[in-house]
$ cat start.txt   # compact mmCIF, C-alpha atoms
# COMPACT_ATOMS: atom_id res chain seq x y z
CA MET A 7 3.29 38.93 0.79
CA ALA A 8 -0.16 39.68 2.29
CA ALA A 9 -2.23 37.07 4.15
CA PRO A 10 -0.82 33.53 3.88
CA ILE A 11 -2.31 31.50 1.04
CA PRO A 12 -4.33 28.54 2.36
CA GLU A 13 -2.45 25.26 2.17
CA VAL A 14 -5.28 23.63 0.19
CA VAL A 15 -4.76 26.22 -2.54
CA ILE A 16 -1.03 25.49 -2.71
CA LEU A 17 -1.83 21.79 -3.00
CA ARG A 18 -3.95 22.45 -6.09
CA LEU A 19 -1.39 24.61 -7.94
CA PRO A 20 0.72 21.64 -9.12
CA LEU A 21 -2.46 20.08 -10.52
CA TYR A 22 -3.16 23.21 -12.54
CA PHE A 23 0.45 23.22 -13.66
CA ARG A 24 0.22 19.60 -14.82
CA VAL A 25 -3.00 20.05 -16.78
CA LEU A 26 -1.73 23.26 -18.41
CA THR A 27 1.46 21.45 -19.42
CA LEU A 28 -0.67 18.81 -21.13
CA LEU A 29 -2.76 21.52 -22.80
CA GLN A 30 0.02 23.76 -24.10
CA ASP A 31 0.36 21.97 -27.42
CA GLU A 32 -3.40 21.85 -27.94
CA THR A 33 -4.62 25.35 -27.24
CA GLU A 34 -3.51 28.89 -26.50
CA ILE A 35 -6.38 29.83 -24.22
CA VAL A 36 -8.24 27.68 -21.72
CA SER A 37 -11.33 28.54 -19.69
CA SER A 38 -11.74 27.79 -16.00
CA GLN A 39 -14.65 25.53 -17.10
CA GLU A 40 -12.33 23.40 -19.23
CA LEU A 41 -9.69 23.25 -16.49
CA GLY A 42 -12.36 22.39 -13.97
CA ALA A 43 -13.78 19.57 -16.06
CA ARG A 44 -10.35 17.97 -16.36
CA LEU A 45 -9.60 18.25 -12.66
CA GLN A 46 -13.04 17.74 -11.11
CA ILE A 47 -12.70 21.15 -9.44
CA THR A 48 -15.37 23.84 -9.86
CA PRO A 49 -14.47 26.74 -12.20
CA ALA A 50 -15.24 29.19 -9.37
CA GLN A 51 -12.70 27.43 -7.14
CA ILE A 52 -10.04 27.60 -9.84
CA ARG A 53 -10.65 31.33 -10.41
CA LYS A 54 -10.52 31.96 -6.68
CA ASP A 55 -7.32 29.94 -6.23
CA LEU A 56 -5.51 31.77 -9.03
CA SER A 57 -6.76 35.18 -7.89
CA TYR A 58 -4.54 34.87 -4.81
CA PHE A 59 -1.56 35.40 -7.09
CA GLY A 60 -2.81 38.21 -9.31
CA LYS A 61 -5.11 38.79 -12.27
CA PHE A 62 -4.26 36.19 -14.90
CA GLY A 63 -7.51 35.57 -16.74
CA ILE A 64 -9.03 37.43 -19.67
CA GLN A 65 -12.63 38.29 -18.81
CA GLY A 66 -15.04 35.98 -20.62
CA LYS A 67 -12.30 34.05 -22.40
CA GLY A 68 -10.05 32.26 -19.98
CA TYR A 69 -6.35 31.97 -19.33
CA LYS A 70 -3.44 32.18 -21.76
CA VAL A 71 -1.94 28.73 -21.27
CA ASN A 72 1.70 29.70 -21.74
CA GLN A 73 1.45 32.80 -19.61
CA LEU A 74 -0.25 30.97 -16.74
CA LEU A 75 2.30 28.16 -16.98
CA GLY A 76 5.08 30.73 -16.67
CA GLU A 77 3.42 32.35 -13.67
CA LEU A 78 2.86 29.01 -11.93
CA ARG A 79 6.42 27.96 -12.67
CA GLN A 80 7.63 31.04 -10.85
CA ILE A 81 5.11 30.82 -8.00
CA LEU A 82 5.98 27.18 -7.33
CA GLY A 83 9.72 27.70 -7.71
CA LEU A 84 9.95 25.41 -10.73
CA ASP A 85 12.16 27.78 -12.73
CA ARG A 86 15.29 26.10 -11.32
CA LYS A 87 16.67 22.65 -10.54
CA TRP A 88 16.37 21.17 -7.05
CA SER A 89 18.80 18.75 -5.45
CA VAL A 90 17.17 16.07 -3.37
CA VAL A 91 18.63 13.73 -0.75
CA LEU A 92 17.07 10.30 -0.25
CA VAL A 93 17.27 8.61 3.14
CA GLY A 94 16.41 4.91 3.10
CA VAL A 95 17.27 2.68 0.15
CA GLY A 96 15.06 -0.32 0.85
CA ARG A 97 12.58 -1.49 -1.79
CA LEU A 98 10.53 1.72 -1.56
CA GLY A 99 13.61 3.98 -1.66
CA ARG A 100 14.84 2.13 -4.74
CA ALA A 101 11.45 2.48 -6.42
CA ILE A 102 11.66 6.23 -5.78
CA LEU A 103 15.17 6.36 -7.27
CA ASP A 104 13.84 4.48 -10.30
CA TYR A 105 11.03 6.92 -10.69
CA SER A 106 11.98 8.48 -13.97
CA THR A 107 9.52 11.38 -13.87
CA LEU A 108 11.36 13.30 -11.15
CA GLY A 109 14.26 14.41 -13.37
CA PRO A 110 12.19 15.98 -16.18
CA HIS A 111 10.38 17.99 -13.50
CA GLY A 112 13.66 19.42 -12.21
CA PHE A 113 14.09 17.19 -9.15
CA HIS A 114 17.40 15.34 -8.96
CA ILE A 115 18.20 12.83 -6.26
CA THR A 116 21.92 13.49 -5.93
CA ALA A 117 22.69 11.69 -2.67
CA ALA A 118 21.38 8.56 -0.96
CA PHE A 119 21.80 7.59 2.69
CA ASP A 120 20.89 4.71 4.92
CA THR A 121 21.36 3.72 8.55
CA ASP A 122 21.81 0.03 7.72
CA PRO A 123 25.54 -0.87 7.54
CA ARG A 124 24.69 -3.56 4.95
CA GLN A 125 23.46 -0.88 2.54
CA ILE A 126 26.26 1.65 3.05
CA GLY A 127 28.81 1.63 0.24
CA LYS A 128 26.47 -0.17 -2.17
CA LYS A 129 25.64 1.33 -5.53
CA VAL A 130 21.98 2.14 -6.27
CA GLY A 131 21.40 3.64 -9.70
CA GLN A 132 24.19 6.19 -10.17
CA LEU A 133 24.69 6.76 -6.43
CA ILE A 134 26.79 5.19 -3.68
CA VAL A 135 24.76 4.76 -0.49
CA GLN A 136 26.37 6.83 2.27
CA ASP A 137 26.33 6.56 6.05
CA ILE A 138 23.79 8.91 7.56
CA ALA A 139 26.54 10.02 9.95
CA VAL A 140 28.04 12.14 7.13
CA LEU A 141 24.72 13.67 6.06
CA SER A 142 25.65 17.13 7.30
CA ASP A 143 28.69 17.44 5.01
CA ALA A 144 26.76 16.25 1.96
CA VAL A 145 23.90 18.72 2.54
CA LYS A 146 26.41 21.59 2.67
CA ASN A 147 28.69 20.49 -0.15
CA GLN A 148 25.98 19.47 -2.61
CA ASP A 149 23.48 22.25 -1.84
CA LEU A 150 20.75 19.73 -1.05
CA ASN A 151 17.38 21.40 -0.50
CA ILE A 152 14.82 18.66 -0.12
CA GLY A 153 14.84 15.35 1.77
CA ILE A 154 12.89 12.24 0.82
CA VAL A 155 12.44 9.88 3.76
CA ALA A 156 11.78 6.20 3.01
CA VAL A 157 12.78 4.56 6.29
CA PRO A 158 10.72 2.37 8.66
CA PRO A 159 8.28 4.36 10.85
CA SER A 160 10.32 3.76 14.00
CA GLU A 161 13.28 5.63 12.46
CA ALA A 162 11.35 8.44 10.77
CA GLN A 163 11.42 11.06 13.53
CA GLU A 164 15.15 10.63 14.14
CA VAL A 165 15.99 10.83 10.43
CA ILE A 166 13.77 13.88 9.97
CA ASP A 167 15.33 15.60 13.00
CA ARG A 168 18.74 14.96 11.48
CA LEU A 169 17.73 16.36 8.09
CA VAL A 170 16.32 19.45 9.78
CA SER A 171 19.45 19.93 11.90
CA CYS A 172 21.45 19.89 8.64
CA GLY A 173 19.34 22.75 7.31
CA ILE A 174 16.80 20.87 5.17
CA LYS A 175 13.47 22.71 5.30
CA ALA A 176 11.33 20.59 2.99
CA ILE A 177 10.72 16.89 3.48
CA LEU A 178 8.73 14.34 1.54
CA ASN A 179 8.01 11.61 4.08
CA TYR A 180 6.97 8.12 3.02
CA ALA A 181 7.21 6.63 6.52
CA PRO A 182 3.77 6.01 8.06
CA ALA A 183 4.38 8.32 11.00
CA ALA A 184 3.27 11.82 11.98
CA PRO A 185 6.65 13.47 12.55
CA ALA A 186 6.82 16.69 14.56
CA VAL A 187 8.92 19.51 13.14
CA HIS A 188 9.53 23.20 13.76
CA SER A 189 6.99 25.45 12.04
CA ASP A 190 9.43 26.72 9.39
CA VAL A 191 9.96 23.17 8.09
CA ARG A 192 7.36 21.68 5.78
CA VAL A 193 6.72 17.96 5.77
CA TYR A 194 4.54 16.38 3.11
CA ASN A 195 3.46 12.93 4.24
CA ILE A 196 2.77 10.38 1.53
CA ASP A 197 0.87 7.74 3.38
CA PRO A 198 -1.17 5.01 1.72
CA VAL A 199 -3.05 4.21 4.94
CA VAL A 200 -4.33 7.77 5.25
CA ALA A 201 -5.22 7.72 1.56
CA LEU A 202 -7.09 4.41 1.87
CA GLN A 203 -8.96 5.67 4.92
CA THR A 204 -10.33 8.64 2.99
CA LEU A 205 -11.36 6.23 0.22
CA THR A 206 -13.25 3.99 2.63
CA TYR A 207 -15.09 7.08 3.89
CA HIS A 208 -16.23 7.56 0.31
CA LEU A 209 -17.23 3.88 -0.07
CA LYS A 210 -19.14 4.04 3.17
CA CYS A 211 -21.05 7.14 2.00
CA LEU A 212 -21.95 5.35 -1.25
CA SER A 213 -23.32 2.33 0.59
CA THR A 214 -25.33 4.36 3.14
CA PRO A 215 -27.05 7.08 1.12
CA MET B 24 -26.82 13.31 5.42
CA ALA B 25 -27.02 17.13 5.22
CA ALA B 26 -24.57 19.31 3.23
CA PRO B 27 -21.58 17.39 1.89
CA ILE B 28 -18.54 17.50 4.14
CA PRO B 29 -15.62 19.38 2.52
CA GLU B 30 -12.97 17.06 1.10
CA VAL B 31 -10.22 18.79 3.13
CA VAL B 32 -12.06 17.78 6.31
CA ILE B 33 -12.24 14.14 5.20
CA LEU B 34 -8.52 14.23 4.45
CA ARG B 35 -7.78 15.26 8.04
CA LEU B 36 -9.94 12.60 9.74
CA PRO B 37 -7.37 9.80 9.24
CA LEU B 38 -4.74 12.04 10.86
CA TYR B 39 -6.96 12.50 13.90
CA PHE B 40 -7.55 8.77 13.94
CA ARG B 41 -3.82 8.05 13.85
CA VAL B 42 -2.92 10.47 16.66
CA LEU B 43 -5.78 9.23 18.83
CA THR B 44 -4.61 5.64 18.29
CA LEU B 45 -1.16 6.64 19.55
CA LEU B 46 -2.72 8.45 22.53
CA GLN B 47 -5.15 5.78 23.68
CA ASP B 48 -2.66 4.08 26.01
CA GLU B 49 -1.49 7.39 27.46
CA THR B 50 -4.63 9.29 28.31
CA GLU B 51 -8.41 9.04 28.54
CA ILE B 52 -9.17 12.61 27.56
CA VAL B 53 -7.37 14.85 25.07
CA SER B 54 -7.98 18.54 24.36
CA SER B 55 -8.16 20.04 20.89
CA GLN B 56 -5.04 22.03 21.91
CA GLU B 57 -3.07 18.83 22.50
CA LEU B 58 -4.32 17.26 19.26
CA GLY B 59 -3.53 20.46 17.40
CA ALA B 60 0.01 20.66 18.76
CA ARG B 61 0.72 17.13 17.56
CA LEU B 62 -0.71 17.72 14.10
CA GLN B 63 0.18 21.35 13.47
CA ILE B 64 -3.51 22.09 12.99
CA THR B 65 -5.26 24.85 14.99
CA PRO B 66 -7.54 23.67 17.83
CA ALA B 67 -10.38 25.70 16.30
CA GLN B 68 -10.00 23.83 13.03
CA ILE B 69 -10.08 20.48 14.79
CA ARG B 70 -13.24 21.41 16.72
CA LYS B 71 -14.86 22.64 13.52
CA ASP B 72 -13.89 19.50 11.57
CA LEU B 73 -15.28 17.17 14.22
CA SER B 74 -18.45 19.23 14.67
CA TYR B 75 -19.54 18.15 11.18
CA PHE B 76 -20.16 14.70 12.59
CA GLY B 77 -21.85 15.53 15.89
CA LYS B 78 -21.04 16.76 19.36
CA PHE B 79 -18.12 14.73 20.66
CA GLY B 80 -16.25 17.05 23.01
CA ILE B 81 -16.83 17.76 26.68
CA GLN B 82 -16.96 21.53 27.17
CA GLY B 83 -13.69 22.83 28.66
CA LYS B 84 -12.14 19.36 28.90
CA GLY B 85 -11.68 17.84 25.50
CA TYR B 86 -12.49 14.54 23.83
CA LYS B 87 -12.75 11.07 25.31
CA VAL B 88 -10.05 9.30 23.31
CA ASN B 89 -11.74 5.92 23.08
CA GLN B 90 -15.13 7.34 22.25
CA LEU B 91 -13.77 9.59 19.50
CA LEU B 92 -11.72 6.70 18.11
CA GLY B 93 -14.88 4.61 17.93
CA GLU B 94 -16.78 7.40 16.19
CA LEU B 95 -14.01 8.00 13.66
CA ARG B 96 -13.70 4.27 13.03
CA GLN B 97 -17.36 4.23 12.09
CA ILE B 98 -17.31 7.48 10.10
CA LEU B 99 -14.31 6.34 8.05
CA GLY B 100 -15.61 2.82 7.56
CA LEU B 101 -12.73 1.24 9.47
CA ASP B 102 -14.93 -1.11 11.47
CA ARG B 103 -14.54 -3.79 8.81
CA LYS B 104 -11.88 -5.36 6.59
CA TRP B 105 -11.36 -4.15 3.02
CA SER B 106 -10.15 -6.26 0.13
CA VAL B 107 -7.81 -4.46 -2.22
CA VAL B 108 -6.69 -5.31 -5.75
CA LEU B 109 -3.25 -4.21 -6.90
CA VAL B 110 -2.64 -3.54 -10.60
CA GLY B 111 1.03 -3.30 -11.56
CA VAL B 112 3.68 -5.43 -9.87
CA GLY B 113 6.84 -3.58 -10.90
CA ARG B 114 9.25 -2.32 -8.25
CA LEU B 115 6.70 0.15 -6.85
CA GLY B 116 3.88 -2.40 -6.82
CA ARG B 117 6.11 -4.86 -4.99
CA ALA B 118 7.08 -2.19 -2.46
CA ILE B 119 3.37 -1.60 -1.84
CA LEU B 120 2.78 -5.34 -1.39
CA ASP B 121 5.68 -5.38 1.08
CA TYR B 122 4.21 -2.52 3.00
CA SER B 123 3.39 -4.27 6.24
CA THR B 124 1.28 -1.50 7.77
CA LEU B 125 -1.70 -2.01 5.46
CA GLY B 126 -2.84 -5.29 7.06
CA PRO B 127 -3.04 -4.05 10.66
CA HIS B 128 -5.19 -1.17 9.38
CA GLY B 129 -7.67 -3.59 7.83
CA PHE B 130 -6.54 -3.31 4.20
CA HIS B 131 -5.69 -6.61 2.56
CA ILE B 132 -4.29 -6.87 -0.94
CA THR B 133 -5.91 -10.12 -2.00
CA ALA B 134 -5.29 -10.02 -5.76
CA ALA B 135 -2.51 -8.71 -8.00
CA PHE B 136 -2.70 -8.04 -11.73
CA ASP B 137 -0.39 -6.90 -14.48
CA THR B 138 -0.55 -6.28 -18.22
CA ASP B 139 2.99 -7.55 -18.82
CA PRO B 140 2.95 -11.22 -19.93
CA ARG B 141 6.35 -11.69 -18.24
CA GLN B 142 4.81 -10.92 -14.86
CA ILE B 143 1.64 -12.98 -15.24
CA GLY B 144 1.79 -16.29 -13.36
CA LYS B 145 4.67 -15.17 -11.16
CA LYS B 146 4.39 -15.27 -7.39
CA VAL B 147 4.73 -12.01 -5.51
CA GLY B 148 4.41 -12.35 -1.75
CA GLN B 149 1.46 -14.71 -1.22
CA LEU B 150 -0.19 -13.88 -4.53
CA ILE B 151 0.02 -15.15 -8.10
CA VAL B 152 0.05 -12.28 -10.60
CA GLN B 153 -3.00 -12.56 -12.84
CA ASP B 154 -3.76 -11.31 -16.32
CA ILE B 155 -5.72 -8.08 -16.23
CA ALA B 156 -8.09 -9.68 -18.76
CA VAL B 157 -9.66 -11.69 -15.90
CA LEU B 158 -9.98 -8.72 -13.54
CA SER B 159 -13.77 -8.65 -13.77
CA ASP B 160 -14.18 -12.20 -12.41
CA ALA B 161 -11.78 -11.56 -9.54
CA VAL B 162 -13.53 -8.37 -8.46
CA LYS B 163 -16.85 -10.21 -8.30
CA ASN B 164 -15.63 -13.43 -6.72
CA GLN B 165 -13.36 -11.89 -4.12
CA ASP B 166 -15.53 -8.87 -3.21
CA LEU B 167 -12.71 -6.47 -4.06
CA ASN B 168 -13.61 -2.89 -3.09
CA ILE B 169 -10.51 -0.80 -3.67
CA GLY B 170 -7.94 -0.69 -6.46
CA ILE B 171 -4.31 0.34 -6.12
CA VAL B 172 -2.79 1.36 -9.45
CA ALA B 173 0.99 1.18 -9.82
CA VAL B 174 1.39 1.09 -13.59
CA PRO B 175 3.28 3.47 -15.92
CA PRO B 176 1.46 6.78 -16.57
CA SER B 177 0.65 5.82 -20.17
CA GLU B 178 -1.40 2.84 -18.93
CA ALA B 179 -3.08 4.50 -15.96
CA GLN B 180 -6.28 5.75 -17.61
CA GLU B 181 -6.97 2.41 -19.30
CA VAL B 182 -6.35 0.44 -16.11
CA ILE B 183 -8.53 2.80 -14.09
CA ASP B 184 -11.32 2.61 -16.68
CA ARG B 185 -11.15 -1.15 -16.42
CA LEU B 186 -11.29 -1.13 -12.62
CA VAL B 187 -14.29 1.22 -12.74
CA SER B 188 -16.07 -0.93 -15.33
CA CYS B 189 -15.66 -3.88 -12.94
CA GLY B 190 -17.43 -1.92 -10.22
CA ILE B 191 -14.49 -0.55 -8.23
CA LYS B 192 -15.42 2.88 -6.85
CA ALA B 193 -12.29 3.79 -4.90
CA ILE B 194 -8.82 3.94 -6.40
CA LEU B 195 -5.44 4.78 -4.97
CA ASN B 196 -3.40 5.86 -7.98
CA TYR B 197 0.40 5.95 -7.90
CA ALA B 198 0.79 6.68 -11.62
CA PRO B 199 1.80 10.28 -12.31
CA ALA B 200 -1.30 11.06 -14.33
CA ALA B 201 -4.54 12.92 -13.73
CA PRO B 202 -7.08 10.23 -14.63
CA ALA B 203 -10.64 11.24 -15.42
CA VAL B 204 -13.42 9.24 -13.78
CA HIS B 205 -17.15 9.44 -13.27
CA SER B 206 -18.16 11.58 -10.29
CA ASP B 207 -19.24 8.63 -8.14
CA VAL B 208 -15.72 7.15 -8.28
CA ARG B 209 -13.08 8.56 -5.99
CA VAL B 210 -9.43 8.58 -7.05
CA TYR B 211 -6.71 9.50 -4.58
CA ASN B 212 -3.53 10.35 -6.47
CA ILE B 213 -0.25 9.71 -4.68
CA ASP B 214 2.18 11.70 -6.74
CA PRO B 215 5.68 12.62 -5.58
CA VAL B 216 6.02 15.33 -8.26
CA VAL B 217 2.93 17.17 -7.01
CA ALA B 218 4.21 16.76 -3.45
CA LEU B 219 7.66 18.09 -4.32
CA GLN B 220 6.14 21.04 -6.16
CA THR B 221 4.23 22.13 -3.06
CA LEU B 222 7.47 21.80 -1.08
CA THR B 223 9.36 24.04 -3.50
CA TYR B 224 6.62 26.64 -3.11
CA HIS B 225 7.41 26.58 0.59
CA LEU B 226 11.18 26.82 0.00
CA LYS B 227 10.65 29.72 -2.37
CA CYS B 228 8.54 31.55 0.23
CA LEU B 229 11.30 31.03 2.82
CA SER B 230 13.97 32.46 0.53
CA THR B 231 11.89 35.50 -0.54
CA PRO B 232 10.32 36.86 2.63
$ encode --input "start.txt" --output "structure tokens"
Amino acid sequence: MAAPIPEVVILRLPLYFRVLTLLQDETEIVSSQELGARLQITPAQIRKDLSYFGKFGIQGKGYKVNQLLGELRQILGLDRKWSVVLVGVGRLGRAILDYSTLGPHGFHITAAFDTDPRQIGKKVGQLIVQDIAVLSDAVKNQDLNIGIVAVPPSEAQEVIDRLVSCGIKAILNYAPAAPAVHSDVRVYNIDPVVALQTLTYHLKCLSTP
Amino acid sequence: MAAPIPEVVILRLPLYFRVLTLLQDETEIVSSQELGARLQITPAQIRKDLSYFGKFGIQGKGYKVNQLLGELRQILGLDRKWSVVLVGVGRLGRAILDYSTLGPHGFHITAAFDTDPRQIGKKVGQLIVQDIAVLSDAVKNQDLNIGIVAVPPSEAQEVIDRLVSCGIKAILNYAPAAPAVHSDVRVYNIDPVVALQTLTYHLKCLSTP
């Protein structure tokens, strides 16, 4: 691959994928204007983002929905199933396990771990909560690729280090912490405080024009 | 204000704020190199981001931690408390209510609503779940500024429309949907599927060098 694709572009690809999925029963061709209107992204930005991956559009018409969906599926690695390990089965971890939209998108939480002895051995959904001490075996035996971390912030770095030492290279972190990892590991932090702080920036701008 | 600040810059400001908060007891001055190492962001990017808001750094030394914290607090609108309304008190909504880090950051969920008659009138945490039909009164009477949406995807657009019609201009949306709103309303979507799909892009890149 040539120059690395900017991270902000990668972050928008799943949004394109989602909107195209919604559109595929409605239309065969969609313009960057229509996509842009649905996503509040300028058409020029959409064309630029997609141009990183090749020439998909038809000049003056737009994109073939099914073709672009297929391309994005391949680019994003969505043409296969992914096995996910959950660490932390408190209320948030259980809400994530409940979250029925993961499966249809090809993400399957196939193992759950906790550090709390009171949780270990308990059944949550279809899974038995395991002791984090045996994480390494599970990652190998079950071909786990992605970790979801839903532990208290004070435990996040240790849990993430352990996932990484077991070979996990992609982590979705719900703990409000800024964990440090080696550069070949990608951590996506889902953090409501950070989200709220960008929203208050917006509110502040509205009130002080 | 001059040209609008790029959204990606705004999204990084809370990360700077968080790291600086952690650093304030350790050091008086921090370089963009040190900040960058902690956040996996290049020092040049950090200097560029902050330069949008004025000249904060001391040439060749770095940033005064307390001063930059104060500036960011003001820029992000964190020098006040914010009242938040939660819509949807299922397992996810309750996990959000439980989330003890919001309060110390100045975000207080002071009202909770649901559309499900079985939830209305119940006590969750310190709040009584109210009928969404009376949302408008609550927003006015309690000076609610921000909405958190934790309803099923099929209800998200309607709930968000209702929040907007009551005057809410900032929404943190946990429903896996891409809601459409007027351009003066800001929606921040927290969506594990989108997050996981950017992680699989990364895993795919690692496996096909």
$ atom_distance --input "start.txt" --atom1 "CA of Gly80 (chain B)" --atom2 "CA of Pro185 (chain A)"
25.4 Å
$ residues_around --input "start.txt" --residues "Val191 (chain A)" --least-positions-apart "2" --cutoff "12 Å" --atoms "all atoms listed in the file" --output "number ranges by chain"
A: 151-153, 166-167, 169-178, 185-189, 193-194; B: 63, 222-223, 225-226, 228-229
$ write_last_selection --input "start.txt" --atoms "C-alpha atoms" --output "PDB file, in the coordinates of the input"
ATOM      1  CA  ASN A 151      17.380  21.400  -0.500  1.00  0.00           C
ATOM      2  CA  ILE A 152      14.820  18.660  -0.120  1.00  0.00           C
ATOM      3  CA  GLY A 153      14.840  15.350   1.770  1.00  0.00           C
ATOM      4  CA  ILE A 166      13.770  13.880   9.970  1.00  0.00           C
ATOM      5  CA  ASP A 167      15.330  15.600  13.000  1.00  0.00           C
ATOM      6  CA  LEU A 169      17.730  16.360   8.090  1.00  0.00           C
ATOM      7  CA  VAL A 170      16.320  19.450   9.780  1.00  0.00           C
ATOM      8  CA  SER A 171      19.450  19.930  11.900  1.00  0.00           C
ATOM      9  CA  CYS A 172      21.450  19.890   8.640  1.00  0.00           C
ATOM     10  CA  GLY A 173      19.340  22.750   7.310  1.00  0.00           C
ATOM     11  CA  ILE A 174      16.800  20.870   5.170  1.00  0.00           C
ATOM     12  CA  LYS A 175      13.470  22.710   5.300  1.00  0.00           C
ATOM     13  CA  ALA A 176      11.330  20.590   2.990  1.00  0.00           C
ATOM     14  CA  ILE A 177      10.720  16.890   3.480  1.00  0.00           C
ATOM     15  CA  LEU A 178       8.730  14.340   1.540  1.00  0.00           C
ATOM     16  CA  PRO A 185       6.650  13.470  12.550  1.00  0.00           C
ATOM     17  CA  ALA A 186       6.820  16.690  14.560  1.00  0.00           C
ATOM     18  CA  VAL A 187       8.920  19.510  13.140  1.00  0.00           C
ATOM     19  CA  HIS A 188       9.530  23.200  13.760  1.00  0.00           C
ATOM     20  CA  SER A 189       6.990  25.450  12.040  1.00  0.00           C
ATOM     21  CA  VAL A 193       6.720  17.960   5.770  1.00  0.00           C
ATOM     22  CA  TYR A 194       4.540  16.380   3.110  1.00  0.00           C
TER      23      TYR A 194
ATOM     24  CA  GLN B  63       0.180  21.350  13.470  1.00  0.00           C
ATOM     25  CA  LEU B 222       7.470  21.800  -1.080  1.00  0.00           C
ATOM     26  CA  THR B 223       9.360  24.040  -3.500  1.00  0.00           C
ATOM     27  CA  HIS B 225       7.410  26.580   0.590  1.00  0.00           C
ATOM     28  CA  LEU B 226      11.180  26.820   0.000  1.00  0.00           C
ATOM     29  CA  CYS B 228       8.540  31.550   0.230  1.00  0.00           C
ATOM     30  CA  LEU B 229      11.300  31.030   2.820  1.00  0.00           C
TER      31      LEU B 229
END
$ residues_around --input "start.txt" --residues "Ala118 (chain B)" --least-positions-apart "3" --cutoff "7 Å" --atoms "only C-alpha atoms" --output "number ranges by chain"
A: 97-98; B: 114-115, 121-122
$ closest_residue --input "start.txt" --among "A:Thr214, A:Thr116, A:Gln30, A:Asn147" --to "chain B" --atoms "only C-alpha atoms"
A:Thr214
$ closest_residue --input "start.txt" --among "A:Gly99, A:Gln80, A:Trp88, A:Phe119" --to "Leu150 (chain A)" --atoms "all atoms listed in the file"
A:Trp88
$ interface_residues --input "start.txt" --of "chain A" --to "chain B" --cutoff "8 Å" --atoms "all atoms listed in the file" --output "PDB file with C-alpha atoms, in the frame of the given file"
ATOM      1  CA  MET A   7       3.290  38.930   0.790  1.00  0.00           C
ATOM      2  CA  VAL A  14      -5.280  23.630   0.190  1.00  0.00           C
ATOM      3  CA  ILE A  16      -1.030  25.490  -2.710  1.00  0.00           C
ATOM      4  CA  LEU A  17      -1.830  21.790  -3.000  1.00  0.00           C
ATOM      5  CA  LEU A  19      -1.390  24.610  -7.940  1.00  0.00           C
ATOM      6  CA  PRO A  20       0.720  21.640  -9.120  1.00  0.00           C
ATOM      7  CA  LEU A  21      -2.460  20.080 -10.520  1.00  0.00           C
ATOM      8  CA  VAL A  25      -3.000  20.050 -16.780  1.00  0.00           C
ATOM      9  CA  ARG A  44     -10.350  17.970 -16.360  1.00  0.00           C
ATOM     10  CA  LEU A  45      -9.600  18.250 -12.660  1.00  0.00           C
ATOM     11  CA  ILE A  81       5.110  30.820  -8.000  1.00  0.00           C
ATOM     12  CA  LEU A  82       5.980  27.180  -7.330  1.00  0.00           C
ATOM     13  CA  GLY A  83       9.720  27.700  -7.710  1.00  0.00           C
ATOM     14  CA  LEU A  84       9.950  25.410 -10.730  1.00  0.00           C
ATOM     15  CA  ARG A  97      12.580  -1.490  -1.790  1.00  0.00           C
ATOM     16  CA  LEU A  98      10.530   1.720  -1.560  1.00  0.00           C
ATOM     17  CA  ARG A 100      14.840   2.130  -4.740  1.00  0.00           C
ATOM     18  CA  ALA A 101      11.450   2.480  -6.420  1.00  0.00           C
ATOM     19  CA  ILE A 102      11.660   6.230  -5.780  1.00  0.00           C
ATOM     20  CA  THR A 107       9.520  11.380 -13.870  1.00  0.00           C
ATOM     21  CA  LEU A 108      11.360  13.300 -11.150  1.00  0.00           C
ATOM     22  CA  HIS A 111      10.380  17.990 -13.500  1.00  0.00           C
ATOM     23  CA  LYS A 175      13.470  22.710   5.300  1.00  0.00           C
ATOM     24  CA  ALA A 176      11.330  20.590   2.990  1.00  0.00           C
ATOM     25  CA  ILE A 177      10.720  16.890   3.480  1.00  0.00           C
ATOM     26  CA  LEU A 178       8.730  14.340   1.540  1.00  0.00           C
ATOM     27  CA  PRO A 182       3.770   6.010   8.060  1.00  0.00           C
ATOM     28  CA  ALA A 184       3.270  11.820  11.980  1.00  0.00           C
ATOM     29  CA  ALA A 186       6.820  16.690  14.560  1.00  0.00           C
ATOM     30  CA  ARG A 192       7.360  21.680   5.780  1.00  0.00           C
ATOM     31  CA  VAL A 193       6.720  17.960   5.770  1.00  0.00           C
ATOM     32  CA  TYR A 194       4.540  16.380   3.110  1.00  0.00           C
ATOM     33  CA  ILE A 196       2.770  10.380   1.530  1.00  0.00           C
ATOM     34  CA  PRO A 198      -1.170   5.010   1.720  1.00  0.00           C
ATOM     35  CA  VAL A 199      -3.050   4.210   4.940  1.00  0.00           C
ATOM     36  CA  VAL A 200      -4.330   7.770   5.250  1.00  0.00           C
ATOM     37  CA  ALA A 201      -5.220   7.720   1.560  1.00  0.00           C
ATOM     38  CA  LEU A 202      -7.090   4.410   1.870  1.00  0.00           C
ATOM     39  CA  GLN A 203      -8.960   5.670   4.920  1.00  0.00           C
ATOM     40  CA  THR A 204     -10.330   8.640   2.990  1.00  0.00           C
ATOM     41  CA  LEU A 205     -11.360   6.230   0.220  1.00  0.00           C
ATOM     42  CA  THR A 206     -13.250   3.990   2.630  1.00  0.00           C
ATOM     43  CA  TYR A 207     -15.090   7.080   3.890  1.00  0.00           C
ATOM     44  CA  HIS A 208     -16.230   7.560   0.310  1.00  0.00           C
ATOM     45  CA  LEU A 209     -17.230   3.880  -0.070  1.00  0.00           C
ATOM     46  CA  LYS A 210     -19.140   4.040   3.170  1.00  0.00           C
ATOM     47  CA  PRO A 215     -27.050   7.080   1.120  1.00  0.00           C
TER      48      PRO A 215
END
$ residues_near_point --input "start.txt" --point "(-10.5, 8.0, 19.2)" --cutoff "10 Å" --atoms "only C-alpha atoms" --output "JSON, numbers by chain"
{"B": [39, 40, 41, 42, 43, 44, 45, 46, 47, 51, 52, 53, 86, 87, 88, 89, 90, 91, 92, 93, 94, 95, 96]}
